[in-house]
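The structure appears below as structure tokens.
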2 protein chains.
Amino acid sequence: MDRQDRRRRPTISDVAAAAGVSPKTVSRVINHEPNVRAELVEQVLAAIGELGFRRNDMASTLRSGRQTATIGLIIEDLANPFYSTIAAAVARVARAHDTHLITVSSEEDPELEQRQFLDLCQRRVDGLIIVPAGSDHSFARTEVEMGMRVVFLDRPPSGILADSVVIDNAAGARAGIVDLLDSGHRRIGVIVDSPAIYTARERLAGVRTALADAAVPYDDSLVRVGVADPGEAADAVAAMLDGDDPPTAFFAGNNRIAIGAMQELYRRDDGAALMGFDDFELSALMPRPLTVIAYDVQELGRAAADRLFERIGGDTSWPSELMIPTRLVRRGIELLKS
Amino acid sequence: MDRQDRRRRPTISDVAAAAGVSPKTVSRVINHEPNVRAELVEQVLAAIGELGFRRNDMASTLRSGRQTATIGLIIEDLANPFYSTIAAAVARVARAHDTHLITVSSEEDPELEQRQFLDLCQRRVDGLIIVPAGSDHSFARTEVEMGMRVVFLDRPPSGILADSVVIDNAAGARAGIVDLLDSGHRRIGVIVDSPAIYTARERLAGVRTALADAAVPYDDSLVRVGVADPGEAADAVAAMLDGDDPPTAFFAGNNRIAIGAMQELYRRDDGAALMGFDDFELSALMPRPLTVIAYDVQELGRAAADRLFERIGGDTSWPSELMIPTRLVRRGIELLKS
DNA sequence: CCGCTCTGAGACATCGTTGTCAAGATTTCG
DNA sequence: CGAAATCTTGACAACGATGTCTCAGAGCGG
């Protein structure tokens with residue numbers, strides 16, 4: 001058996017010839033158009049089976065001007081559970097619309113993000129969901145003007161007017177702080193990521209609102225921004241605990257920070273309360289159970305995909321920003337007193 | 001601002017008109033073909049920028065007969081970390097080949113799997129990686145004959161001759177049993193999934209080989225097949241422990257079984273040794289650390305993608321079956337003596 | 001100054017499919 | 001029974017891009 005001799009793929013014309021009809025009639029049959037004699041339908045179907053014909057979707061799309069039934073998703077890294085959960089949710093919605101999903105990773109590189117975006121536009125996807133890596137998306141403007149639908153996920157767009165679906169970061173952070181205040185804490189150490197990051201900014205804003213509402217003074221020595229990894233978070237916790245009038249509770253602005261903070265508290269066997277933001281796989285299994293501001297990651301992806309398909313379906317209303325609510329998940333804070 | 005008036009997407013002819021050249025010349029410019037006067041190149045590029053032209057890849061592919069620079073991946077469920085890890089690995093390889101990846105879920109439904117497969121063929125992807133859900137893939141034969149490259153992942157194909165990349169299940173299971181035997185265990189309870197499943201079959205075969213090599217009789221009362229979930233696994237463990245001459249060690253054929261077995265042993269505070277197959281996120285954090293036969297899931301995806309791109313690159317050699325080795329990861333079995 | 005090669009540019013056909021239109025065949029119904 | 005309505009079918013062009021071919025003009029040797 002010679003594995004080289006691959007038959008040429010039969011075209012609609014080959015089928016037509018085999019069935020003794022015109023190409024157009026074959027087209028009618030494969031598209032289930034009415035008004036074809038039953039006998040001819042049989043012949044055509046037989047020829048299709050015989051030859052193993054399969055319509056070339058690209059040619060079909062080109063000619064008919066129909067949608068490509070493909071959408072794109074640009075995320076930072078598919079190996080990250082946060083993003084793979086989103087991808088799965090988007091894929092599920094896409095399938096419900098008989099649409100395929102092309103997922104690409106931007107690897108947090110704004111330049112790559114832009115290349116991937118334009119690439120997918122060249123493929124004429126019907127729409128794009130993008131978790132922004134860069135901070136300027138004006139490059140997308142031309143495409144949007146020419147009909148590309150774009151939904152921004154987890155972070156709002158900049159330099160362009162478009163739909164977005166984000167978590168209600170401010171409200172979540174606020175609720176977390178309020179909960180700590182309700183437990184009687186007055187000195188709360190706040191550790192967040194760089195304010196260059198949208199989510200960090202929003203969460204810090206929520207913290208300030210909660211403190212202001214409770215008339216608790218905002219103490220700069222109890223706030224540390226720009227913390228990027230667990231190690232730095234641990235250091236920040238240590239520094240605050242070693243200061244005068246140390247905090248009795250900590251608010252960790254994301255899960256990496258929560259892990260670092262937890263480690264330091266655990267190491268010192270310090271009983272301070274800890275509130276995290278972002279739930280994660282292992283949070284229930286940390287050395288001490290961790291109470292967090294959680295949200296439904298699937299919902300995030302689903303909502304963005306739903307919005308995108310509304311657009312694809314013809315919705316031309318003004319761009320909207322949809323906020324996914326957060327909820328406080330309490331996990332045995334009492335254990336922290338041990 | 002009227003959000004309805006989306007400009008028609010400019011075509012190569014529009015650019016040609018704007019630049020005062022022929023469409024072919026525009027084509028030459030965007031494809032970096034030689035022999036175009038520098039002055040004209042400038043004009044064309046200016047017109048492209050002006051109009052926001054972006055080549056229609058579908059039309060380009062259709063005419064030139066080039067590849068679509070897209071591959072497909074059919075998995076069971078993207079939300080499952082095993083599959084998302086594979087998807088990420090495949091995507092990485094694809095990107096290195098400037099190729100996009102369409103990932104679809106078969107949801108373990110053989111019929112859906114077939115539909116998805118044919119769908120992707122219609123899109124003329126350059127190749128497909130498939131984690132088989134069904135047990136007969138002869139439907140793929142026609143496509144393969146007509147040039148579609150297909151690589152089977154994690155399970156070999158049936159009803160068709162094609163490349164596959166699988167884990168060395170038999171050798172892994174064998175190594176696990178040998179390890180238990182070396183620790184002095186002679187009565188080993190074996191619990192595996194349904195033999196209808198390739199991996200379960202292979203693993204059981206590996207177990208038998210190891211026992212035979214060590215001249216340990218194969219005791220039917222110590223083997224339970226067709227165990228599908230943790231609950232059943234726990235029951236199986238219980239039944240064996242309650243029997244005459246109970247096992248001193250257990251071999252769990254997959255991670256769900258390991259979890260169930262672990263729960264039952266923990267519940268009874270039974271000190272029997274436990275060996276799992278498949279590593280998983282939490283295995284280091286189980287009530288007791290779990291020793292497992294592990295393998296590199298990323299490597300699995302990477303190897304399959306590499307094979308696929310070899311094929312796409314023109315390799316027409318006889319189909320191969322590549323085996324990914326396993327390794328034994330020991331995690332404080334001594335703790336089990338507690 | 002002639003014939004030659006080589007370069008740069010466009011005309012045209014074509015990839016595989018489908019929208020449009022027109023023509024012949026058939027049915028319907030007054 | 002004949003005109004109108006309907007059904008079937010195919011010819012043709014076109015979607016947007018590019019491969020092939022042709023041709024005008026530049027450059028060059030003798």
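Chain lettering (A, B, ...) mirrors the order of the structure tokens, residue numbering begins at 1 for each chain separately, and ligand numbering begins at 1 in order of display.
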Quick check: residues of chain A within 9 Å of chain D, only C-alpha atoms (C1' of nucleotides), returned as a list of chain:residue names.
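Result: A:Val21, A:Ser22, A:Pro23, A:Lys24, A:Thr25, A:Asn35, A:Val36, A:Arg37, A:Ala59, A:Thr61, A:Leu62, A:Arg63, A:Ser64, A:Gly65.
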Identify every residue of chain A that has at least one atom within 6 Å of any atom of chain B, counting only C-alpha atoms, and report the result as number ranges by chain.
A: 6-7, 9, 55-58, 78-79, 85, 88, 101-102, 122-123, 145-147
Please write the residues from the selection above to a file, keeping N, CA and C atoms, as a PDB file, in the first residue's frame.
```pdb
ATOM      1  N   ARG A   6      -2.669  10.051  -2.140  1.00  0.00           N
ATOM      2  CA  ARG A   6      -3.931  10.548  -1.618  1.00  0.00           C
ATOM      3  C   ARG A   6      -4.756  11.067  -2.792  1.00  0.00           C
ATOM      4  N   ARG A   7      -5.965  10.590  -2.838  1.00  0.00           N
ATOM      5  CA  ARG A   7      -6.874  11.060  -3.880  1.00  0.00           C
ATOM      6  C   ARG A   7      -7.059  12.559  -3.733  1.00  0.00           C
ATOM      7  N   ARG A   9      -9.248  15.676  -3.392  1.00  0.00           N
ATOM      8  CA  ARG A   9     -10.555  15.824  -2.775  1.00  0.00           C
ATOM      9  C   ARG A   9     -11.581  16.135  -3.847  1.00  0.00           C
ATOM     10  N   ARG A  55     -18.170  19.167   1.566  1.00  0.00           N
ATOM     11  CA  ARG A  55     -18.133  20.550   1.105  1.00  0.00           C
ATOM     12  C   ARG A  55     -16.968  21.332   1.700  1.00  0.00           C
ATOM     13  N   ASN A  56     -16.377  22.159   0.903  1.00  0.00           N
ATOM     14  CA  ASN A  56     -15.322  23.039   1.381  1.00  0.00           C
ATOM     15  C   ASN A  56     -15.972  24.277   2.003  1.00  0.00           C
ATOM     16  N   ASP A  57     -15.933  24.323   3.328  1.00  0.00           N
ATOM     17  CA  ASP A  57     -16.603  25.416   4.030  1.00  0.00           C
ATOM     18  C   ASP A  57     -16.020  26.779   3.701  1.00  0.00           C
ATOM     19  N   MET A  58     -14.735  26.781   3.384  1.00  0.00           N
ATOM     20  CA  MET A  58     -14.118  28.077   3.130  1.00  0.00           C
ATOM     21  C   MET A  58     -14.667  28.681   1.842  1.00  0.00           C
ATOM     22  N   LEU A  78      -3.520  29.298  28.446  1.00  0.00           N
ATOM     23  CA  LEU A  78      -4.525  28.243  28.553  1.00  0.00           C
ATOM     24  C   LEU A  78      -4.212  27.250  29.671  1.00  0.00           C
ATOM     25  N   ALA A  79      -2.953  27.187  30.075  1.00  0.00           N
ATOM     26  CA  ALA A  79      -2.586  26.216  31.103  1.00  0.00           C
ATOM     27  C   ALA A  79      -3.040  26.683  32.483  1.00  0.00           C
ATOM     28  N   THR A  85     -10.906  27.518  32.518  1.00  0.00           N
ATOM     29  CA  THR A  85     -12.316  27.503  32.918  1.00  0.00           C
ATOM     30  C   THR A  85     -13.119  28.445  32.028  1.00  0.00           C
ATOM     31  N   ALA A  88     -13.490  26.936  28.588  1.00  0.00           N
ATOM     32  CA  ALA A  88     -14.496  25.875  28.546  1.00  0.00           C
ATOM     33  C   ALA A  88     -15.902  26.461  28.530  1.00  0.00           C
ATOM     34  N   LEU A 101     -14.458  27.412  18.163  1.00  0.00           N
ATOM     35  CA  LEU A 101     -13.712  28.374  18.966  1.00  0.00           C
ATOM     36  C   LEU A 101     -12.219  28.208  18.728  1.00  0.00           C
ATOM     37  N   ILE A 102     -11.584  29.303  18.364  1.00  0.00           N
ATOM     38  CA  ILE A 102     -10.127  29.304  18.258  1.00  0.00           C
ATOM     39  C   ILE A 102      -9.590  30.036  19.470  1.00  0.00           C
ATOM     40  N   GLN A 122      -8.143  38.480  10.178  1.00  0.00           N
ATOM     41  CA  GLN A 122      -7.880  38.038   8.807  1.00  0.00           C
ATOM     42  C   GLN A 122      -8.608  36.744   8.490  1.00  0.00           C
ATOM     43  N   ARG A 123      -8.758  35.931   9.531  1.00  0.00           N
ATOM     44  CA  ARG A 123      -9.472  34.671   9.317  1.00  0.00           C
ATOM     45  C   ARG A 123     -10.955  34.905   9.278  1.00  0.00           C
ATOM     46  N   GLU A 145     -14.921  49.013  13.525  1.00  0.00           N
ATOM     47  CA  GLU A 145     -15.669  49.836  12.577  1.00  0.00           C
ATOM     48  C   GLU A 145     -16.109  49.028  11.370  1.00  0.00           C
ATOM     49  N   MET A 146     -15.284  48.056  11.014  1.00  0.00           N
ATOM     50  CA  MET A 146     -15.626  47.275   9.826  1.00  0.00           C
ATOM     51  C   MET A 146     -16.451  46.048  10.164  1.00  0.00           C
ATOM     52  N   GLY A 147     -16.937  46.003  11.376  1.00  0.00           N
ATOM     53  CA  GLY A 147     -17.918  44.972  11.674  1.00  0.00           C
ATOM     54  C   GLY A 147     -17.462  43.878  12.610  1.00  0.00           C
TER      55      GLY A 147
END
```
Can you tell me how far atom CA of Leu73 of chain A sits from atom CA of Gly159 of chain A, in Å to one decimal?
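Computing the Euclidean distance for atom CA of Leu73 of chain A and atom CA of Gly159 of chain A yields 19.7 Å.
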Kindly determine which residues of chain C lie within 12 Å of chain B, considering only C-alpha atoms (C1' of nucleotides), and give the answer as a VMD selection string.
chain C and resid 6 to 17
Report, in Å to a single decimal, how far apart atom CA of Gly172 of chain B and atom CA of Arg187 of chain B are.
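Going from atom CA of Arg187 of chain B over to atom CA of Gly172 of chain B covers 19.1 Å.
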Got a sec: who's within 6 Å of Phe250 of chain B, counting only C-alpha atoms (C1' of nucleotides), leaving out chain neighbours fewer than 5 positions off, as a PyMOL selection string?
chain B and resi 188-190+274
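Computed from the coordinates, the atom CA of Asp136 of chain B to atom CA of Pro110 of chain B distance equals 8.5 Å.
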Check segment 68-199 of chain A with DSSP on the backbone and list each residue it calls strand (DSSP E), as a PDB file with N, CA and C atoms, in the first residue's frame.
```
ATOM      1  N   THR A  70     -17.144  30.786  13.460  1.00  0.00           N
ATOM      2  CA  THR A  70     -15.953  30.633  14.285  1.00  0.00           C
ATOM      3  C   THR A  70     -15.779  31.906  15.107  1.00  0.00           C
ATOM      4  N   ILE A  71     -15.471  31.764  16.362  1.00  0.00           N
ATOM      5  CA  ILE A  71     -15.111  32.940  17.145  1.00  0.00           C
ATOM      6  C   ILE A  71     -13.728  32.716  17.739  1.00  0.00           C
ATOM      7  N   GLY A  72     -13.122  33.794  18.156  1.00  0.00           N
ATOM      8  CA  GLY A  72     -11.784  33.705  18.723  1.00  0.00           C
ATOM      9  C   GLY A  72     -11.789  34.102  20.184  1.00  0.00           C
ATOM     10  N   LEU A  73     -10.877  33.526  20.918  1.00  0.00           N
ATOM     11  CA  LEU A  73     -10.728  33.875  22.331  1.00  0.00           C
ATOM     12  C   LEU A  73      -9.251  34.108  22.590  1.00  0.00           C
ATOM     13  N   ILE A  74      -8.930  35.294  23.053  1.00  0.00           N
ATOM     14  CA  ILE A  74      -7.536  35.610  23.349  1.00  0.00           C
ATOM     15  C   ILE A  74      -7.369  35.694  24.849  1.00  0.00           C
ATOM     16  N   ILE A  75      -6.582  34.779  25.400  1.00  0.00           N
ATOM     17  CA  ILE A  75      -6.365  34.766  26.842  1.00  0.00           C
ATOM     18  C   ILE A  75      -4.870  34.803  27.104  1.00  0.00           C
ATOM     19  N   HIS A 100     -17.429  27.227  16.130  1.00  0.00           N
ATOM     20  CA  HIS A 100     -16.154  26.730  16.631  1.00  0.00           C
ATOM     21  C   HIS A 100     -15.408  27.830  17.357  1.00  0.00           C
ATOM     22  N   LEU A 101     -14.458  27.412  18.163  1.00  0.00           N
ATOM     23  CA  LEU A 101     -13.712  28.374  18.966  1.00  0.00           C
ATOM     24  C   LEU A 101     -12.219  28.208  18.728  1.00  0.00           C
ATOM     25  N   ILE A 102     -11.584  29.303  18.364  1.00  0.00           N
ATOM     26  CA  ILE A 102     -10.127  29.304  18.258  1.00  0.00           C
ATOM     27  C   ILE A 102      -9.590  30.036  19.470  1.00  0.00           C
ATOM     28  N   THR A 103      -8.806  29.343  20.275  1.00  0.00           N
ATOM     29  CA  THR A 103      -8.262  29.958  21.475  1.00  0.00           C
ATOM     30  C   THR A 103      -6.780  30.219  21.282  1.00  0.00           C
ATOM     31  N   VAL A 104      -6.345  31.421  21.565  1.00  0.00           N
ATOM     32  CA  VAL A 104      -4.923  31.716  21.451  1.00  0.00           C
ATOM     33  C   VAL A 104      -4.432  32.373  22.738  1.00  0.00           C
ATOM     34  N   SER A 105      -3.172  32.158  23.030  1.00  0.00           N
ATOM     35  CA  SER A 105      -2.587  32.749  24.229  1.00  0.00           C
ATOM     36  C   SER A 105      -1.759  33.972  23.870  1.00  0.00           C
ATOM     37  N   GLY A 127     -16.448  36.928  15.668  1.00  0.00           N
ATOM     38  CA  GLY A 127     -16.321  37.794  16.823  1.00  0.00           C
ATOM     39  C   GLY A 127     -15.154  37.362  17.687  1.00  0.00           C
ATOM     40  N   LEU A 128     -14.796  38.217  18.623  1.00  0.00           N
ATOM     41  CA  LEU A 128     -13.626  37.954  19.443  1.00  0.00           C
ATOM     42  C   LEU A 128     -13.885  38.295  20.902  1.00  0.00           C
ATOM     43  N   ILE A 129     -13.441  37.420  21.785  1.00  0.00           N
ATOM     44  CA  ILE A 129     -13.445  37.732  23.206  1.00  0.00           C
ATOM     45  C   ILE A 129     -11.991  37.868  23.605  1.00  0.00           C
ATOM     46  N   ILE A 130     -11.693  38.936  24.300  1.00  0.00           N
ATOM     47  CA  ILE A 130     -10.296  39.180  24.602  1.00  0.00           C
ATOM     48  C   ILE A 130     -10.114  39.562  26.061  1.00  0.00           C
ATOM     49  N   ARG A 149     -16.979  42.047  15.896  1.00  0.00           N
ATOM     50  CA  ARG A 149     -17.545  42.203  17.229  1.00  0.00           C
ATOM     51  C   ARG A 149     -16.500  41.799  18.247  1.00  0.00           C
ATOM     52  N   VAL A 150     -16.332  42.621  19.265  1.00  0.00           N
ATOM     53  CA  VAL A 150     -15.315  42.346  20.277  1.00  0.00           C
ATOM     54  C   VAL A 150     -15.901  42.542  21.666  1.00  0.00           C
ATOM     55  N   VAL A 151     -15.660  41.585  22.524  1.00  0.00           N
ATOM     56  CA  VAL A 151     -16.066  41.710  23.925  1.00  0.00           C
ATOM     57  C   VAL A 151     -14.820  41.576  24.790  1.00  0.00           C
ATOM     58  N   PHE A 152     -14.649  42.514  25.704  1.00  0.00           N
ATOM     59  CA  PHE A 152     -13.504  42.460  26.600  1.00  0.00           C
ATOM     60  C   PHE A 152     -13.893  41.749  27.887  1.00  0.00           C
ATOM     61  N   LEU A 153     -12.969  40.945  28.367  1.00  0.00           N
ATOM     62  CA  LEU A 153     -13.282  40.084  29.502  1.00  0.00           C
ATOM     63  C   LEU A 153     -12.321  40.336  30.659  1.00  0.00           C
ATOM     64  N   ASP A 163     -17.999  46.345  24.333  1.00  0.00           N
ATOM     65  CA  ASP A 163     -18.598  45.643  25.455  1.00  0.00           C
ATOM     66  C   ASP A 163     -17.524  45.087  26.368  1.00  0.00           C
ATOM     67  N   SER A 164     -17.871  44.986  27.638  1.00  0.00           N
ATOM     68  CA  SER A 164     -16.960  44.296  28.538  1.00  0.00           C
ATOM     69  C   SER A 164     -17.746  43.581  29.627  1.00  0.00           C
ATOM     70  N   VAL A 165     -17.137  42.545  30.144  1.00  0.00           N
ATOM     71  CA  VAL A 165     -17.711  41.787  31.252  1.00  0.00           C
ATOM     72  C   VAL A 165     -16.621  41.680  32.310  1.00  0.00           C
ATOM     73  N   VAL A 166     -16.885  42.241  33.465  1.00  0.00           N
ATOM     74  CA  VAL A 166     -15.865  42.242  34.511  1.00  0.00           C
ATOM     75  C   VAL A 166     -16.479  41.809  35.837  1.00  0.00           C
ATOM     76  N   ILE A 167     -15.596  41.506  36.751  1.00  0.00           N
ATOM     77  CA  ILE A 167     -16.048  41.193  38.104  1.00  0.00           C
ATOM     78  C   ILE A 167     -16.296  42.498  38.837  1.00  0.00           C
ATOM     79  N   ILE A 188      -6.698  47.139  59.855  1.00  0.00           N
ATOM     80  CA  ILE A 188      -6.689  46.116  58.807  1.00  0.00           C
ATOM     81  C   ILE A 188      -5.545  46.375  57.829  1.00  0.00           C
ATOM     82  N   GLY A 189      -4.663  45.429  57.712  1.00  0.00           N
ATOM     83  CA  GLY A 189      -3.566  45.558  56.754  1.00  0.00           C
ATOM     84  C   GLY A 189      -4.061  45.214  55.356  1.00  0.00           C
ATOM     85  N   VAL A 190      -3.762  46.091  54.407  1.00  0.00           N
ATOM     86  CA  VAL A 190      -4.255  45.898  53.038  1.00  0.00           C
ATOM     87  C   VAL A 190      -3.075  45.700  52.102  1.00  0.00           C
ATOM     88  N   ILE A 191      -3.069  44.595  51.392  1.00  0.00           N
ATOM     89  CA  ILE A 191      -1.958  44.306  50.486  1.00  0.00           C
ATOM     90  C   ILE A 191      -2.514  44.008  49.105  1.00  0.00           C
TER      91      ILE A 191
END
```
